[in-house]
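**Q** Have a peek at work_17.csv (CSV, C-alpha atoms).
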```csv
chain,number,residue,atom,x,y,z
A,1109,MET,CA,115.4,48.8,86.3
A,1110,THR,CA,111.7,48.4,86.5
A,1111,ALA,CA,110.4,47.4,89.9
A,1112,PHE,CA,106.7,46.5,90.5
A,1113,ALA,CA,104.8,47.0,93.7
A,1114,LYS,CA,105.1,44.0,96.1
A,1115,THR,CA,103.8,40.9,94.3
A,1116,ASN,CA,102.5,38.4,96.7
A,1117,GLY,CA,103.3,34.8,95.8
A,1118,ARG,CA,106.3,35.7,93.6
A,1119,GLY,CA,110.0,35.5,94.4
A,1120,THR,CA,110.8,38.9,93.1
A,1121,ALA,CA,109.0,42.1,92.2
A,1122,SER,CA,111.8,43.2,89.9
A,1123,ASN,CA,111.5,42.8,86.1
A,1124,GLN,CA,114.8,44.2,85.1
A,1125,ALA,CA,115.5,43.6,81.4
A,1126,GLY,CA,117.7,40.8,80.4
A,1127,ARG,CA,121.3,41.6,79.6
A,1128,PHE,CA,120.7,41.2,75.9
A,1129,GLU,CA,117.7,43.6,75.8
A,1130,ARG,CA,117.4,47.3,75.8
A,1131,TYR,CA,113.9,47.5,77.3
A,1132,THR,CA,112.2,46.1,80.3
A,1133,THR,CA,109.3,43.6,79.9
A,1134,THR,CA,105.9,44.2,81.3
A,1135,ALA,CA,103.4,42.0,83.2
A,1136,VAL,CA,99.6,42.2,83.8
A,1137,ARG,CA,98.0,41.6,87.1
A,1138,GLU,CA,95.4,38.9,86.9
A,1139,ASP,CA,94.2,36.0,88.9
A,1140,CYS,CA,96.5,32.9,88.9
A,1141,SER,CA,95.3,29.4,88.1
A,1142,ILE,CA,97.5,27.9,90.7
A,1143,GLU,CA,95.5,26.3,93.5
A,1144,GLU,CA,96.8,28.7,96.2
A,1145,ASP,CA,95.2,31.6,98.1
A,1146,LEU,CA,97.8,34.1,96.7
A,1147,PRO,CA,96.8,37.2,94.7
A,1148,THR,CA,99.5,37.1,92.1
A,1149,LEU,CA,100.4,37.9,88.5
A,1150,ARG,CA,99.0,35.5,85.9
A,1151,THR,CA,101.3,32.9,84.6
A,1152,GLU,CA,101.7,33.0,80.8
A,1153,VAL,CA,102.9,29.9,79.0
A,1154,ARG,CA,104.1,29.8,75.4
A,1155,ASP,CA,104.9,26.7,73.4
A,1156,GLU,CA,108.3,26.1,71.9
A,1157,THR,CA,109.0,23.5,69.2
A,1158,ALA,CA,112.2,21.8,70.4
A,1159,ARG,CA,114.7,20.8,67.8
A,1160,SER,CA,116.8,18.9,70.3
A,1161,LEU,CA,116.3,18.0,73.9
A,1162,ILE,CA,119.3,16.3,75.5
A,1163,THR,CA,121.8,18.9,76.6
A,1164,TYR,CA,125.4,17.7,77.2
A,1165,ASN,CA,127.9,19.2,79.6
A,1166,ARG,CA,131.6,18.7,80.5
A,1167,SER,CA,131.5,20.2,83.9
A,1168,PRO,CA,133.7,18.3,86.5
A,1169,ASP,CA,131.4,19.7,89.2
A,1170,LEU,CA,128.4,17.6,88.0
A,1171,PRO,CA,127.8,13.9,88.5
A,1172,PHE,CA,126.1,13.6,85.1
A,1173,ASP,CA,127.0,14.7,81.5
A,1174,ARG,CA,123.6,15.1,80.1
A,1175,SER,CA,120.2,16.5,81.1
A,1176,ILE,CA,116.7,17.3,79.7
A,1177,ASN,CA,114.4,20.2,80.7
A,1178,PRO,CA,110.7,20.1,79.5
A,1179,TYR,CA,110.2,23.8,80.6
A,1180,ARG,CA,112.0,27.1,80.5
A,1181,GLY,CA,111.4,29.3,83.5
A,1182,CYS,CA,109.9,28.1,86.8
A,1183,GLU,CA,106.8,29.1,88.6
A,1184,HIS,CA,108.1,28.1,92.0
A,1185,GLY,CA,109.7,31.5,92.0
A,1186,CYS,CA,112.7,30.7,94.2
A,1187,VAL,CA,114.5,34.0,94.4
A,1188,TYR,CA,117.9,32.4,94.7
A,1189,CYS,CA,117.5,30.2,91.6
A,1190,PHE,CA,120.8,30.0,89.7
A,1191,ALA,CA,118.8,29.3,86.4
A,1192,ARG,CA,117.2,32.7,86.3
A,1193,PRO,CA,119.9,34.2,83.9
A,1194,SER,CA,119.0,31.6,81.3
A,1195,HIS,CA,115.8,33.6,80.6
A,1196,ALA,CA,117.8,36.5,79.3
A,1197,TYR,CA,118.7,34.3,76.2
A,1198,LEU,CA,115.0,34.3,75.4
A,1199,GLY,CA,114.8,38.1,75.5
A,1200,LEU,CA,113.0,37.9,78.9
A,1201,SER,CA,113.8,39.2,82.3
A,1202,PRO,CA,115.6,36.8,84.8
A,1203,GLY,CA,113.4,38.5,87.4
A,1204,LEU,CA,109.6,38.4,87.3
A,1205,ASP,CA,109.5,37.0,83.7
A,1206,PHE,CA,111.4,33.9,84.8
A,1207,GLU,CA,108.5,32.9,87.1
A,1208,THR,CA,105.5,34.3,85.2
A,1209,ARG,CA,106.4,33.9,81.5
A,1210,LEU,CA,107.2,30.2,81.0
A,1211,ILE,CA,108.1,28.2,77.9
A,1212,ALA,CA,106.8,24.7,77.5
A,1213,ARG,CA,108.2,22.2,75.0
A,1214,PRO,CA,105.2,20.0,74.1
A,1215,ASN,CA,107.2,17.9,71.5
A,1216,ALA,CA,109.9,17.0,74.1
A,1217,ALA,CA,109.0,13.3,74.3
A,1218,SER,CA,109.0,12.8,70.6
A,1219,ILE,CA,112.4,14.5,70.2
A,1220,LEU,CA,113.7,12.5,73.1
A,1221,ARG,CA,112.6,9.3,71.4
A,1222,LYS,CA,114.4,10.2,68.2
A,1223,GLU,CA,117.6,11.1,70.1
A,1224,LEU,CA,117.7,7.9,72.1
A,1225,SER,CA,117.0,5.8,68.9
A,1226,ARG,CA,120.1,7.1,67.1
A,1227,ARG,CA,122.7,4.4,66.5
A,1228,SER,CA,125.4,6.8,67.7
A,1229,TYR,CA,123.7,7.2,71.1
A,1230,LYS,CA,125.7,6.0,74.1
A,1231,VAL,CA,123.7,5.5,77.3
A,1232,SER,CA,124.4,7.2,80.5
A,1233,THR,CA,122.2,8.6,83.3
A,1234,ILE,CA,120.0,11.5,82.1
A,1235,ALA,CA,119.4,14.2,84.7
A,1236,LEU,CA,115.8,15.6,84.7
A,1237,GLY,CA,115.2,19.0,86.2
A,1238,THR,CA,118.7,20.4,86.5
A,1239,ASN,CA,117.8,23.9,85.2
A,1240,THR,CA,114.1,24.3,86.0
A,1241,ASP,CA,111.7,22.1,87.9
A,1242,PRO,CA,110.1,19.4,85.8
A,1243,TYR,CA,107.2,19.2,88.3
A,1244,GLN,CA,106.4,22.8,88.6
A,1245,PRO,CA,102.6,23.6,88.7
A,1246,ILE,CA,102.0,23.7,84.9
A,1247,GLU,CA,103.1,20.1,84.6
A,1248,LYS,CA,99.7,19.2,86.1
A,1249,SER,CA,97.9,20.1,82.9
A,1250,ARG,CA,100.7,19.8,80.3
A,1251,GLU,CA,102.1,16.4,81.4
A,1252,ILE,CA,105.3,16.9,79.3
A,1253,THR,CA,107.5,15.5,82.0
A,1254,ARG,CA,105.3,12.4,82.3
A,1255,ARG,CA,105.5,11.7,78.6
A,1256,CYS,CA,109.3,12.0,78.7
A,1257,LEU,CA,109.3,9.5,81.6
A,1258,GLU,CA,107.2,7.1,79.5
A,1259,VAL,CA,109.8,7.3,76.8
A,1260,LEU,CA,112.7,6.7,79.2
A,1261,ASN,CA,110.8,3.8,80.7
A,1262,GLU,CA,110.2,2.3,77.3
A,1263,PHE,CA,113.9,2.5,76.5
A,1264,ARG,CA,114.9,1.2,80.0
A,1265,HIS,CA,117.0,4.3,80.4
A,1266,PRO,CA,118.5,5.5,83.7
A,1267,ILE,CA,117.3,8.8,85.0
A,1268,GLY,CA,118.0,11.1,87.9
A,1269,ILE,CA,115.1,13.5,88.9
A,1270,VAL,CA,115.6,16.7,90.9
A,1271,THR,CA,112.4,18.5,92.1
A,1272,LYS,CA,110.5,20.3,94.8
A,1273,GLY,CA,107.2,19.6,93.2
A,1274,THR,CA,104.6,17.2,94.6
A,1275,LEU,CA,103.5,16.2,91.1
A,1276,VAL,CA,106.3,13.6,91.2
A,1277,GLU,CA,104.0,11.5,93.3
A,1278,ARG,CA,101.5,11.4,90.4
A,1279,ASP,CA,104.1,9.5,88.4
A,1280,LEU,CA,104.8,6.8,91.0
A,1281,ASP,CA,103.2,4.3,88.6
A,1282,ILE,CA,106.2,4.8,86.2
A,1283,ILE,CA,109.0,5.8,88.7
A,1284,ALA,CA,108.5,3.0,91.2
A,1285,PRO,CA,108.9,0.1,88.7
A,1286,MET,CA,111.9,1.8,87.2
A,1287,ALA,CA,113.4,2.1,90.6
A,1288,GLN,CA,113.0,-1.6,91.2
A,1289,SER,CA,115.1,-2.2,88.1
A,1290,GLY,CA,117.8,0.3,89.3
A,1291,LEU,CA,116.9,2.9,86.7
A,1292,VAL,CA,115.9,5.9,88.8
A,1293,ARG,CA,116.7,8.0,91.8
A,1294,VAL,CA,115.0,11.2,93.0
A,1295,GLY,CA,116.5,14.3,94.7
A,1296,ILE,CA,114.3,16.5,96.8
A,1297,SER,CA,115.6,20.0,97.6
A,1298,LEU,CA,115.1,21.1,101.2
A,1299,THR,CA,116.4,24.5,101.9
A,1300,THR,CA,115.0,25.3,105.3
A,1301,LEU,CA,112.6,23.8,107.9
A,1302,ASP,CA,111.2,27.3,108.6
A,1303,SER,CA,107.9,27.5,106.7
A,1304,ASP,CA,107.7,31.3,106.9
A,1305,LEU,CA,111.2,31.7,105.5
A,1306,SER,CA,110.5,29.1,102.8
A,1307,ARG,CA,107.3,31.0,101.8
A,1308,GLN,CA,109.3,34.2,101.3
A,1309,MET,CA,112.2,32.6,99.4
A,1310,GLU,CA,110.3,29.9,97.5
A,1311,PRO,CA,106.8,31.3,97.3
A,1312,ARG,CA,105.2,28.7,95.1
A,1313,ALA,CA,107.2,25.7,96.1
A,1314,PRO,CA,105.7,23.2,98.5
A,1315,SER,CA,106.3,23.8,102.2
A,1316,PRO,CA,109.3,22.1,103.9
A,1317,GLN,CA,106.9,19.7,105.7
A,1318,ARG,CA,105.2,18.8,102.4
A,1319,ARG,CA,108.6,18.0,100.9
A,1320,LEU,CA,109.5,15.8,103.7
A,1321,LYS,CA,106.2,14.0,103.1
A,1322,MET,CA,107.3,13.6,99.5
A,1323,ILE,CA,110.5,11.9,100.6
A,1324,GLU,CA,108.5,9.6,102.8
A,1325,ARG,CA,106.1,8.6,100.1
A,1326,LEU,CA,108.8,8.0,97.5
A,1327,SER,CA,110.9,6.0,99.9
A,1328,ARG,CA,108.0,3.8,100.9
A,1329,ALA,CA,107.4,3.1,97.2
A,1330,GLY,CA,111.0,1.7,97.0
A,1331,ILE,CA,112.5,4.7,95.3
A,1332,PRO,CA,116.0,5.8,96.4
A,1333,VAL,CA,115.7,9.5,97.6
A,1334,ARG,CA,118.4,12.0,98.2
A,1335,VAL,CA,117.7,15.0,100.5
A,1336,MET,CA,119.4,18.0,98.8
A,1337,THR,CA,120.2,20.6,101.5
A,1338,SER,CA,120.6,23.2,98.8
A,1339,PRO,CA,121.4,26.0,98.7
A,1340,VAL,CA,123.1,26.5,102.1
A,1341,ILE,CA,122.7,30.2,102.8
A,1342,PRO,CA,125.4,31.5,105.1
A,1343,GLY,CA,124.0,33.6,108.0
A,1344,LEU,CA,120.4,32.6,107.2
A,1345,THR,CA,119.9,28.8,106.9
A,1346,ASP,CA,123.4,27.4,107.6
A,1347,HIS,CA,122.5,26.7,111.3
A,1348,GLU,CA,119.8,24.3,110.1
A,1349,LEU,CA,122.2,21.9,108.2
A,1350,GLU,CA,122.2,19.1,110.8
A,1351,LYS,CA,118.4,19.4,111.4
A,1352,LEU,CA,117.7,19.3,107.6
A,1353,LEU,CA,119.8,16.1,107.2
A,1354,GLU,CA,118.2,14.5,110.2
A,1355,ALA,CA,114.7,15.4,109.0
A,1356,GLY,CA,115.5,14.0,105.5
A,1357,ARG,CA,116.9,10.8,107.0
A,1358,ASP,CA,113.9,10.3,109.2
A,1359,ALA,CA,111.5,10.8,106.3
A,1360,GLY,CA,113.3,8.0,104.4
A,1361,ALA,CA,116.2,9.6,102.4
A,1362,ASP,CA,119.2,7.3,102.0
A,1363,ALA,CA,121.6,9.9,100.6
A,1364,ALA,CA,122.3,13.6,100.9
A,1365,SER,CA,124.1,16.5,99.2
A,1366,TRP,CA,124.7,20.2,99.6
A,1367,ILE,CA,125.6,23.2,97.5
A,1368,MET,CA,126.4,26.7,98.7
A,1369,LEU,CA,124.2,29.6,97.5
A,1370,ARG,CA,125.2,30.7,94.0
A,1371,LEU,CA,124.6,34.2,92.7
A,1372,PRO,CA,125.5,34.2,89.0
A,1373,ARG,CA,124.8,37.3,86.8
A,1374,GLU,CA,121.4,38.9,87.6
A,1375,VAL,CA,120.7,36.6,90.5
A,1376,SER,CA,123.0,38.6,92.8
A,1377,GLU,CA,121.1,41.8,92.5
A,1378,LEU,CA,117.7,40.1,92.8
A,1379,TRP,CA,119.0,38.3,95.9
A,1380,GLN,CA,120.3,41.4,97.5
A,1381,GLN,CA,117.0,43.2,96.9
A,1382,TRP,CA,115.2,40.3,98.6
A,1383,LEU,CA,117.6,40.4,101.6
A,1384,GLN,CA,116.9,44.1,102.1
A,1385,GLU,CA,113.2,43.6,101.9
A,1386,HIS,CA,112.8,40.5,104.0
A,1387,VAL,CA,115.8,40.2,106.3
A,1388,PRO,CA,117.6,43.5,106.3
A,1389,GLY,CA,119.3,42.8,109.6
A,1390,SER,CA,121.1,39.7,108.1
A,1391,ALA,CA,121.9,41.2,104.7
A,1392,CYS,CA,125.4,42.4,105.4
A,1393,LYS,CA,126.4,39.1,107.2
A,1394,VAL,CA,125.0,36.9,104.4
A,1395,MET,CA,126.9,38.9,101.6
A,1396,ALA,CA,130.1,39.1,103.7
A,1397,ARG,CA,130.2,35.4,104.1
A,1398,LEU,CA,129.6,34.8,100.4
A,1399,ARG,CA,132.3,37.2,99.3
A,1400,GLU,CA,134.7,35.7,101.8
A,1401,MET,CA,134.3,32.4,99.9
A,1402,HIS,CA,134.6,33.9,96.4
A,1403,GLY,CA,137.6,36.1,96.7
A,1404,GLY,CA,135.7,39.2,97.5
A,1405,LYS,CA,133.2,38.8,94.7
A,1406,ASP,CA,129.5,37.9,95.0
A,1407,TYR,CA,130.1,34.8,92.9
A,1408,ASP,CA,133.0,32.9,91.3
A,1409,PRO,CA,132.0,30.6,88.4
A,1410,ARG,CA,135.2,28.6,88.2
A,1411,TRP,CA,134.9,24.9,88.0
A,1412,GLY,CA,135.8,23.2,91.2
A,1413,HIS,CA,134.9,26.3,93.1
A,1414,ARG,CA,131.4,27.6,92.2
A,1415,MET,CA,129.4,24.9,94.0
A,1416,LYS,CA,131.0,25.0,97.5
A,1417,GLY,CA,133.2,28.1,97.6
A,1418,GLU,CA,136.5,28.0,99.4
A,1419,GLY,CA,138.1,29.2,102.6
A,1420,GLU,CA,137.6,28.5,106.3
A,1421,TYR,CA,133.8,29.0,106.4
A,1422,ALA,CA,133.2,26.7,103.4
A,1423,GLU,CA,135.4,24.0,105.0
A,1424,VAL,CA,133.5,24.2,108.2
A,1425,ILE,CA,130.2,23.6,106.3
A,1426,SER,CA,131.8,20.7,104.4
A,1427,GLN,CA,133.0,19.1,107.6
A,1428,ARG,CA,129.6,19.6,109.4
A,1429,PHE,CA,127.9,17.9,106.5
A,1430,SER,CA,130.3,15.0,106.3
A,1431,MET,CA,130.2,14.3,110.0
A,1432,THR,CA,126.4,14.5,110.2
A,1433,CYS,CA,125.9,12.2,107.3
A,1434,LYS,CA,128.3,9.7,108.9
A,1435,ARG,CA,126.5,9.9,112.2
A,1436,LEU,CA,123.1,9.5,110.5
A,1437,GLY,CA,124.2,6.7,108.2
A,1438,ILE,CA,123.3,8.7,105.1
A,1439,LYS,CA,125.3,8.1,101.9
A,1440,VAL,CA,127.1,10.9,100.2
A,1441,LYS,CA,127.7,9.0,96.9
A,1442,SER,CA,124.8,7.0,95.5
A,1443,SER,CA,125.2,3.7,93.7
A,1444,PRO,CA,125.3,4.1,90.0
A,1445,LEU,CA,122.1,3.5,88.1
A,1446,ARG,CA,122.0,0.6,85.6
A,1447,CYS,CA,122.9,1.3,82.0
A,1448,ASP,CA,123.0,-2.4,80.8
A,1449,LEU,CA,119.2,-2.6,80.5
A,1450,PHE,CA,119.0,0.1,77.8
A,1451,SER,CA,117.5,-1.0,74.5
A,1452,VAL,CA,115.9,0.7,71.6
A,1453,PRO,CA,112.3,-0.7,71.3
A,1454,PRO,CA,110.9,-1.5,67.8
A,1455,GLN,CA,109.6,1.6,66.1
A,1456,PRO,CA,106.6,1.9,63.8
A,1457,GLY,CA,107.7,1.0,60.3
A,1458,ASP,CA,110.7,-1.2,61.5
A,1459,GLN,CA,110.9,-4.5,59.7
A,1460,MET,CA,110.7,-6.3,63.1
A,1461,ALA,CA,107.3,-4.9,63.5
A,1462,LEU,CA,106.1,-7.1,60.7
A,1463,PHE,CA,106.7,-10.3,62.6
```
Using structure tokens, write down the structure that the file contains.
**A**
Amino acid sequence: MTAFAKTNGRGTASNQAGRFERYTTTAVREDCSIEEDLPTLRTEVRDETARSLITYNRSPDLPFDRSINPYRGCEHGCVYCFARPSHAYLGLSPGLDFETRLIARPNAASILRKELSRRSYKVSTIALGTNTDPYQPIEKSREITRRCLEVLNEFRHPIGIVTKGTLVERDLDIIAPMAQSGLVRVGISLTTLDSDLSRQMEPRAPSPQRRLKMIERLSRAGIPVRVMTSPVIPGLTDHELEKLLEAGRDAGADAASWIMLRLPREVSELWQQWLQEHVPGSACKVMARLREMHGGKDYDPRWGHRMKGEGEYAEVISQRFSMTCKRLGIKVKSSPLRCDLFSVPPQPGDQMALF
């Protein structure tokens, strides 16, 4: 393993090679273009020509069967991110590379248009940002997510957005009218109300207070917002569950959800290194609780199990969540988005364009 000296503003200092690579990757210390007062490693962005965009899944754990991701890797740098192992398929490290060596897909909108225009396409809600955040900082200059939203709006296609990024507010001119037609909902992830803890775990994500402001602004614009109290971290943030839900409700969220901390593949080692550095006194308790829910393992990827775990502790969290949502009047299941408005608009060269 290659470990760098402490890297301020990044979720991990480890740049362990991906499981498909023999050698570790390297990084260069330079100033970062992100508008923060954090001396960090420079973020490198490479373009990828996408051949397809919509990814389909058959997981019974998920409320959607398709998703799109404009970017690979995420500069928010959340150390617990379950998507980190996906960077290994690119020959990059799930550690520091995941948050500093990003892949942008500039032709995403044009590919999305082609896929939605196929006669065989059957409409159902598309999830945006299920793997990496569509509103991470590089979206400010690249605007790939915005162009995808323009296509979805043109096709009157339902979309569910998951983000921590404030740039979602930039696109209210698209999202708000879609929401009025029942075509969009947004989920805002809120892990903790402790700003210092958030800064350590999610170094480049907006603060908890800023995320609550996002919920408020989206809600005021008429957009249904779900507060996602995820991940719940046993022995570290689990005591905040009720306060997180209440804060989300007070900000305007009408629905809520939760997922237990997941540690697939390389994430487990990165997470345990983070625990030892930042909260060594809680490390044993956190890992003991997680293993208790996963049959003695750090993580169990089985469907129906991986999101919530099992056992007494997992059941207690589930009951606390349900009881609090009921007390606060927050929905657990959102109303389905509309699919009946979907239509393929005339394309350049179509005969209808002649009339």
**Q** Please compute the atom CA of A:Ser1297-atom CA of A:Met1336 distance, one decimal, in Å.
**A**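 Interatomic distance, atom CA of A:Ser1297 to atom CA of A:Met1336: 4.5 Å.
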**Q** Given all atoms listed in the file as the basis, pick out the residue of A:Gln1427, A:Arg1227, A:Trp1411, A:Arg1312 nearest to A:Leu1349.
**A** A:Gln1427
**Q** Work out how far atom CA of A:Thr1299 is from atom CA of A:Pro1168, in Å to one decimal.
**A**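 Atom CA of A:Thr1299 lies at a distance of 24.0 Å from atom CA of A:Pro1168.
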**Q** Considering only C-alpha atoms, state which residue in the set A:Phe1450, A:Tyr1188, A:Tyr1407, A:Tyr1179 is at the smallest distance from A:Trp1382.
**A**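 Nearest candidate to A:Trp1382 out of A:Phe1450, A:Tyr1188, A:Tyr1407, A:Tyr1179: A:Tyr1188.
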**Q** Counting only C-alpha atoms, select every polymer residue within 9 Å of (122.9, 1.5, 88.0) as defined in the file's coordinates, and provide the selection as a PyMOL selection string.
**A** chain A and resi 1233+1266+1289-1292+1443-1448
**Q** Hey, which of A:Ile1162, A:Val1187, A:Leu1305, A:Ile1331 ends up closest to A:Arg1370? Count all atoms listed in the file.
**A**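 Among the listed residues, A:Val1187 lies closest to A:Arg1370.
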**Q** Out of A:Leu1298, A:Cys1433, A:Met1395, A:Leu1353, which residue has the shortest atom-to-atom distance to A:Arg1318 when counting only C-alpha atoms?
**A** A:Leu1298
**Q** Restricting the calculation to only C-alpha atoms: of A:Ser1338, A:Ser1194, A:Thr1208, A:Thr1163, which residue gets closest to A:Leu1149?
**A**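 Under the stated criterion, the closest residue is A:Thr1208.
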**Q** What does the distance from atom CA of A:Val1259 to atom CA of A:Gln1244 come to in Å, to one decimal?
**A**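 We find that atom CA of A:Val1259 and atom CA of A:Gln1244 lie 19.8 Å from each other.
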**Q** Which of these, A:Ser1303, A:Gln1308, A:Gln1384, A:Asn1261, has the shortest distance to A:Ala1287 once you count only C-alpha atoms?
**A** A:Asn1261
**Q** List the spatial neighbours of A:Arg1357 as a PyMOL selection string - criterion: any atom at most 10 Å away, only C-alpha atoms, same-chain residues fewer than 4 positions off excluded.
**A** chain A and resi 1320+1323-1324+1333-1335+1351-1353+1361-1364+1433+1436-1438
